[in-house]
Amino acid sequence: MRQKYIISQEGSQHDFKIREYAIIDKNLRNVASSLLRQEDYEFLCEETYSHAHIERSVSQGRDAVVDVLRTPNLFPIRPYVVKLAEQVMVLFDSAENESVELFFDDTDLVAS
């Protein structure tokens, strides 16, 4: 499955939001990822994390951020959540970035 996550800081409190999207349409299975459009992705889930909660977890390291990001609604596999945590840490430390998109394709995990 091909997935996209959008991580952003929003609102006056700079809370973090992670939105999860995926390609569900079987007709798009053979379409190159580079040719997919935003409307090809289906919205799956959104989680909001307080800035203070992210700040505490960032100060404890990547594994603490991984633990915070995983919820009953948003529970990406380990390789994905590690990359999400790393990007949350980058976004947290950056004054310029407001959002970041991450793309994942499960076929990249399969060894040839």
# chains A, B, ... in the order shown; residues from 1 in each chain; ligands from 1
>>> closest_atom_pairs(of="segment 40-110 of chain A", to="segment 14-27 of chain A", cutoff="8 Å", atoms="only C-alpha atoms", output="Markdown table")
| residue | atom | partner | partner_atom | distance |
| --- | --- | --- | --- | --- |
| A:Asp40 | CA | A:Ile23 | CA | 6.4 |
| A:Tyr41 | CA | A:Ile23 | CA | 4.9 |
| A:Glu42 | CA | A:Tyr21 | CA | 5.3 |
| A:Phe43 | CA | A:Tyr21 | CA | 4.5 |
| A:Leu44 | CA | A:Tyr21 | CA | 5.3 |
| A:Cys45 | CA | A:Glu20 | CA | 5.2 |
| A:Glu46 | CA | A:Arg19 | CA | 4.4 |
| A:Glu47 | CA | A:Ile18 | CA | 5.4 |
| A:Thr48 | CA | A:Lys17 | CA | 4.5 |
| A:Tyr49 | CA | A:Phe16 | CA | 5.1 |
| A:Ser50 | CA | A:Asp15 | CA | 4.7 |
| A:His51 | CA | A:Asp15 | CA | 4.6 |
| A:Ile54 | CA | A:Phe16 | CA | 7.8 |
>>> write_last_selection(atoms="N, CA, C and O atoms", output="PDB file, in the first residue's frame")
ATOM      1  N   ASP A  40      -6.006  11.384  -5.498  1.00  0.00           N
ATOM      2  CA  ASP A  40      -5.926   9.925  -5.581  1.00  0.00           C
ATOM      3  C   ASP A  40      -5.801   9.292  -4.201  1.00  0.00           C
ATOM      4  O   ASP A  40      -6.079   8.118  -4.028  1.00  0.00           O
ATOM      5  N   TYR A  41      -5.365  10.078  -3.229  1.00  0.00           N
ATOM      6  CA  TYR A  41      -5.196   9.582  -1.863  1.00  0.00           C
ATOM      7  C   TYR A  41      -6.500   9.737  -1.081  1.00  0.00           C
ATOM      8  O   TYR A  41      -7.167  10.756  -1.168  1.00  0.00           O
ATOM      9  N   GLU A  42      -6.821   8.715  -0.308  1.00  0.00           N
ATOM     10  CA  GLU A  42      -7.988   8.763   0.570  1.00  0.00           C
ATOM     11  C   GLU A  42      -7.529   9.127   1.979  1.00  0.00           C
ATOM     12  O   GLU A  42      -6.561   8.564   2.488  1.00  0.00           O
ATOM     13  N   PHE A  43      -8.250  10.054   2.589  1.00  0.00           N
ATOM     14  CA  PHE A  43      -7.960  10.454   3.969  1.00  0.00           C
ATOM     15  C   PHE A  43      -8.331   9.305   4.900  1.00  0.00           C
ATOM     16  O   PHE A  43      -9.436   8.766   4.826  1.00  0.00           O
ATOM     17  N   LEU A  44      -7.400   8.921   5.785  1.00  0.00           N
ATOM     18  CA  LEU A  44      -7.662   7.827   6.718  1.00  0.00           C
ATOM     19  C   LEU A  44      -7.806   8.287   8.161  1.00  0.00           C
ATOM     20  O   LEU A  44      -8.685   7.814   8.883  1.00  0.00           O
ATOM     21  N   CYS A  45      -6.946   9.201   8.582  1.00  0.00           N
ATOM     22  CA  CYS A  45      -6.902   9.501  10.011  1.00  0.00           C
ATOM     23  C   CYS A  45      -6.190  10.828  10.247  1.00  0.00           C
ATOM     24  O   CYS A  45      -5.350  11.239   9.452  1.00  0.00           O
ATOM     25  N   GLU A  46      -6.517  11.460  11.368  1.00  0.00           N
ATOM     26  CA  GLU A  46      -5.806  12.658  11.804  1.00  0.00           C
ATOM     27  C   GLU A  46      -5.640  12.588  13.311  1.00  0.00           C
ATOM     28  O   GLU A  46      -6.589  12.270  14.038  1.00  0.00           O
ATOM     29  N   GLU A  47      -4.442  12.866  13.762  1.00  0.00           N
ATOM     30  CA  GLU A  47      -4.155  12.934  15.199  1.00  0.00           C
ATOM     31  C   GLU A  47      -3.543  14.297  15.506  1.00  0.00           C
ATOM     32  O   GLU A  47      -2.756  14.828  14.715  1.00  0.00           O
ATOM     33  N   THR A  48      -3.900  14.848  16.656  1.00  0.00           N
ATOM     34  CA  THR A  48      -3.356  16.120  17.107  1.00  0.00           C
ATOM     35  C   THR A  48      -2.585  15.882  18.402  1.00  0.00           C
ATOM     36  O   THR A  48      -3.051  15.161  19.290  1.00  0.00           O
ATOM     37  N   TYR A  49      -1.412  16.479  18.482  1.00  0.00           N
ATOM     38  CA  TYR A  49      -0.536  16.337  19.645  1.00  0.00           C
ATOM     39  C   TYR A  49      -0.204  17.728  20.158  1.00  0.00           C
ATOM     40  O   TYR A  49       0.171  18.604  19.379  1.00  0.00           O
ATOM     41  N   SER A  50      -0.309  17.920  21.458  1.00  0.00           N
ATOM     42  CA  SER A  50      -0.003  19.238  22.016  1.00  0.00           C
ATOM     43  C   SER A  50       1.486  19.530  21.857  1.00  0.00           C
ATOM     44  O   SER A  50       2.332  18.628  21.899  1.00  0.00           O
ATOM     45  N   HIS A  51       1.787  20.806  21.673  1.00  0.00           N
ATOM     46  CA  HIS A  51       3.177  21.231  21.525  1.00  0.00           C
ATOM     47  C   HIS A  51       3.984  20.830  22.762  1.00  0.00           C
ATOM     48  O   HIS A  51       5.119  20.355  22.646  1.00  0.00           O
ATOM     49  N   ILE A  54       4.832  17.086  22.688  1.00  0.00           N
ATOM     50  CA  ILE A  54       5.909  16.827  21.729  1.00  0.00           C
ATOM     51  C   ILE A  54       7.232  17.339  22.285  1.00  0.00           C
ATOM     52  O   ILE A  54       8.265  16.664  22.181  1.00  0.00           O
TER      53      ILE A  54
END
>>> residues_around(residues="segment 63-71 of chain A", least_positions_apart="2", cutoff="10 Å", atoms="only C-alpha atoms", output="PDB file with N, CA, C and O atoms, in the first residue's frame")
ATOM      1  N   ILE A  18      -0.847  15.155  12.536  1.00  0.00           N
ATOM      2  CA  ILE A  18      -0.408  14.182  11.543  1.00  0.00           C
ATOM      3  C   ILE A  18      -1.660  13.663  10.862  1.00  0.00           C
ATOM      4  O   ILE A  18      -2.579  13.164  11.511  1.00  0.00           O
ATOM      5  N   GLU A  47      -4.442  12.866  13.762  1.00  0.00           N
ATOM      6  CA  GLU A  47      -4.155  12.934  15.199  1.00  0.00           C
ATOM      7  C   GLU A  47      -3.543  14.297  15.506  1.00  0.00           C
ATOM      8  O   GLU A  47      -2.756  14.828  14.715  1.00  0.00           O
ATOM      9  N   THR A  48      -3.900  14.848  16.656  1.00  0.00           N
ATOM     10  CA  THR A  48      -3.356  16.120  17.107  1.00  0.00           C
ATOM     11  C   THR A  48      -2.585  15.882  18.402  1.00  0.00           C
ATOM     12  O   THR A  48      -3.051  15.161  19.290  1.00  0.00           O
ATOM     13  N   TYR A  49      -1.412  16.479  18.482  1.00  0.00           N
ATOM     14  CA  TYR A  49      -0.536  16.337  19.645  1.00  0.00           C
ATOM     15  C   TYR A  49      -0.204  17.728  20.158  1.00  0.00           C
ATOM     16  O   TYR A  49       0.171  18.604  19.379  1.00  0.00           O
ATOM     17  N   HIS A  53       3.482  18.330  24.804  1.00  0.00           N
ATOM     18  CA  HIS A  53       3.695  16.875  24.827  1.00  0.00           C
ATOM     19  C   HIS A  53       4.822  16.489  23.868  1.00  0.00           C
ATOM     20  O   HIS A  53       5.681  15.667  24.208  1.00  0.00           O
ATOM     21  N   ILE A  54       4.832  17.086  22.688  1.00  0.00           N
ATOM     22  CA  ILE A  54       5.909  16.827  21.729  1.00  0.00           C
ATOM     23  C   ILE A  54       7.232  17.339  22.285  1.00  0.00           C
ATOM     24  O   ILE A  54       8.265  16.664  22.181  1.00  0.00           O
ATOM     25  N   GLU A  55       7.215  18.504  22.899  1.00  0.00           N
ATOM     26  CA  GLU A  55       8.439  19.069  23.463  1.00  0.00           C
ATOM     27  C   GLU A  55       9.054  18.140  24.504  1.00  0.00           C
ATOM     28  O   GLU A  55      10.265  17.894  24.498  1.00  0.00           O
ATOM     29  N   ARG A  56       8.222  17.599  25.390  1.00  0.00           N
ATOM     30  CA  ARG A  56       8.718  16.655  26.409  1.00  0.00           C
ATOM     31  C   ARG A  56       9.313  15.413  25.762  1.00  0.00           C
ATOM     32  O   ARG A  56      10.377  14.942  26.162  1.00  0.00           O
ATOM     33  N   SER A  57       8.638  14.885  24.753  1.00  0.00           N
ATOM     34  CA  SER A  57       9.127  13.656  24.123  1.00  0.00           C
ATOM     35  C   SER A  57      10.410  13.908  23.327  1.00  0.00           C
ATOM     36  O   SER A  57      11.324  13.077  23.343  1.00  0.00           O
ATOM     37  N   VAL A  58      10.501  15.053  22.656  1.00  0.00           N
ATOM     38  CA  VAL A  58      11.712  15.386  21.894  1.00  0.00           C
ATOM     39  C   VAL A  58      12.914  15.462  22.839  1.00  0.00           C
ATOM     40  O   VAL A  58      14.008  14.990  22.499  1.00  0.00           O
ATOM     41  N   SER A  59      12.711  16.014  24.023  1.00  0.00           N
ATOM     42  CA  SER A  59      13.821  16.132  24.981  1.00  0.00           C
ATOM     43  C   SER A  59      14.295  14.768  25.480  1.00  0.00           C
ATOM     44  O   SER A  59      15.420  14.635  25.952  1.00  0.00           O
ATOM     45  N   GLN A  60      13.444  13.736  25.327  1.00  0.00           N
ATOM     46  CA  GLN A  60      13.804  12.382  25.773  1.00  0.00           C
ATOM     47  C   GLN A  60      14.345  11.509  24.645  1.00  0.00           C
ATOM     48  O   GLN A  60      14.785  10.393  24.877  1.00  0.00           O
ATOM     49  N   GLY A  61      14.275  11.995  23.406  1.00  0.00           N
ATOM     50  CA  GLY A  61      14.847  11.243  22.301  1.00  0.00           C
ATOM     51  C   GLY A  61      13.816  10.648  21.363  1.00  0.00           C
ATOM     52  O   GLY A  61      12.606  10.676  21.614  1.00  0.00           O
ATOM     53  N   ASN A  73      -5.592   5.153  17.076  1.00  0.00           N
ATOM     54  CA  ASN A  73      -6.047   5.493  15.727  1.00  0.00           C
ATOM     55  C   ASN A  73      -4.917   5.566  14.707  1.00  0.00           C
ATOM     56  O   ASN A  73      -5.140   5.368  13.516  1.00  0.00           O
ATOM     57  N   LEU A  74      -3.721   5.914  15.148  1.00  0.00           N
ATOM     58  CA  LEU A  74      -2.580   6.079  14.253  1.00  0.00           C
ATOM     59  C   LEU A  74      -1.459   5.196  14.791  1.00  0.00           C
ATOM     60  O   LEU A  74      -0.827   5.530  15.788  1.00  0.00           O
ATOM     61  N   PHE A  75      -1.227   4.070  14.120  1.00  0.00           N
ATOM     62  CA  PHE A  75      -0.234   3.111  14.599  1.00  0.00           C
ATOM     63  C   PHE A  75       0.571   2.577  13.420  1.00  0.00           C
ATOM     64  O   PHE A  75       0.435   1.424  13.017  1.00  0.00           O
ATOM     65  N   PRO A  76       1.420   3.442  12.823  1.00  0.00           N
ATOM     66  CA  PRO A  76       2.214   3.009  11.667  1.00  0.00           C
ATOM     67  C   PRO A  76       3.234   1.939  12.059  1.00  0.00           C
ATOM     68  O   PRO A  76       3.646   1.850  13.223  1.00  0.00           O
ATOM     69  N   ILE A  77       3.644   1.158  11.065  1.00  0.00           N
ATOM     70  CA  ILE A  77       4.662   0.149  11.320  1.00  0.00           C
ATOM     71  C   ILE A  77       5.962   0.834  11.716  1.00  0.00           C
ATOM     72  O   ILE A  77       6.166   2.018  11.445  1.00  0.00           O
ATOM     73  N   ARG A  78       6.834   0.098  12.371  1.00  0.00           N
ATOM     74  CA  ARG A  78       8.063   0.670  12.959  1.00  0.00           C
ATOM     75  C   ARG A  78       8.889   1.507  11.971  1.00  0.00           C
ATOM     76  O   ARG A  78       9.268   2.638  12.311  1.00  0.00           O
ATOM     77  N   TYR A  80       8.057   3.217   9.453  1.00  0.00           N
ATOM     78  CA  TYR A  80       7.355   4.460   9.123  1.00  0.00           C
ATOM     79  C   TYR A  80       7.300   5.401  10.321  1.00  0.00           C
ATOM     80  O   TYR A  80       7.529   6.598  10.188  1.00  0.00           O
ATOM     81  N   VAL A  81       6.989   4.862  11.480  1.00  0.00           N
ATOM     82  CA  VAL A  81       6.842   5.732  12.654  1.00  0.00           C
ATOM     83  C   VAL A  81       8.192   6.313  13.068  1.00  0.00           C
ATOM     84  O   VAL A  81       8.255   7.438  13.584  1.00  0.00           O
ATOM     85  N   VAL A  82       9.277   5.595  12.816  1.00  0.00           N
ATOM     86  CA  VAL A  82      10.605   6.140  13.104  1.00  0.00           C
ATOM     87  C   VAL A  82      10.875   7.345  12.210  1.00  0.00           C
ATOM     88  O   VAL A  82      11.354   8.384  12.672  1.00  0.00           O
ATOM     89  N   LYS A  83      10.553   7.237  10.923  1.00  0.00           N
ATOM     90  CA  LYS A  83      10.744   8.368  10.009  1.00  0.00           C
ATOM     91  C   LYS A  83       9.826   9.533  10.383  1.00  0.00           C
ATOM     92  O   LYS A  83      10.225  10.695  10.313  1.00  0.00           O
ATOM     93  N   LEU A  84       8.592   9.220  10.792  1.00  0.00           N
ATOM     94  CA  LEU A  84       7.681  10.270  11.245  1.00  0.00           C
ATOM     95  C   LEU A  84       8.257  10.980  12.467  1.00  0.00           C
ATOM     96  O   LEU A  84       8.242  12.215  12.547  1.00  0.00           O
ATOM     97  N   ALA A  85       8.774  10.209  13.421  1.00  0.00           N
ATOM     98  CA  ALA A  85       9.344  10.792  14.638  1.00  0.00           C
ATOM     99  C   ALA A  85      10.533  11.683  14.304  1.00  0.00           C
ATOM    100  O   ALA A  85      10.668  12.779  14.855  1.00  0.00           O
ATOM    101  N   GLU A  86      11.384  11.229  13.398  1.00  0.00           N
ATOM    102  CA  GLU A  86      12.539  12.038  13.013  1.00  0.00           C
ATOM    103  C   GLU A  86      12.094  13.356  12.381  1.00  0.00           C
ATOM    104  O   GLU A  86      12.669  14.415  12.664  1.00  0.00           O
ATOM    105  N   VAL A  88       9.194  14.888  12.908  1.00  0.00           N
ATOM    106  CA  VAL A  88       8.590  15.706  13.968  1.00  0.00           C
ATOM    107  C   VAL A  88       9.694  16.442  14.726  1.00  0.00           C
ATOM    108  O   VAL A  88       9.566  17.637  15.022  1.00  0.00           O
ATOM    109  N   MET A  89      10.789  15.755  14.987  1.00  0.00           N
ATOM    110  CA  MET A  89      11.903  16.380  15.700  1.00  0.00           C
ATOM    111  C   MET A  89      12.526  17.510  14.867  1.00  0.00           C
ATOM    112  O   MET A  89      12.845  18.569  15.406  1.00  0.00           O
TER     113      MET A  89
END
>>> closest_residue(among="A:Thr107, A:Gln9, A:Met1, A:Ser33", to="Ala95 of chain A", atoms="only C-alpha atoms")
A:Gln9
>>> select_by_dssp(residues="chain A", states="strand (DSSP E)", output="number ranges by chain")
A: 2-10, 15-22, 42-49, 99-105
>>> atom_distance(atom1="atom CA of Leu35 of chain A", atom2="atom CA of Glu96 of chain A")
28.3 Å
>>> closest_residue(among="A:Leu28, A:Leu36, A:Val90, A:Ala52", to="Phe103 of chain A", atoms="only C-alpha atoms")
A:Leu36
>>> closest_residue(among="A:Ser99, A:Ile6, A:Val110, A:Phe92", to="Gln38 of chain A", atoms="only C-alpha atoms")
A:Ile6
>>> closest_residue(among="A:Gln13, A:Arg2, A:Glu101, A:Arg62", to="Val31 of chain A", atoms="only C-alpha atoms")
A:Arg2
>>> atom_distance(atom1="atom CA of Tyr5 of chain A", atom2="atom CA of Ser34 of chain A")
15.6 Å
>>> select_by_dssp(residues="chain A", states="helix (DSSP H, G or I)", output="ChimeraX atom specification")
/A:26-28,33-35,38-40,51-60,62-69,78-93,106-109
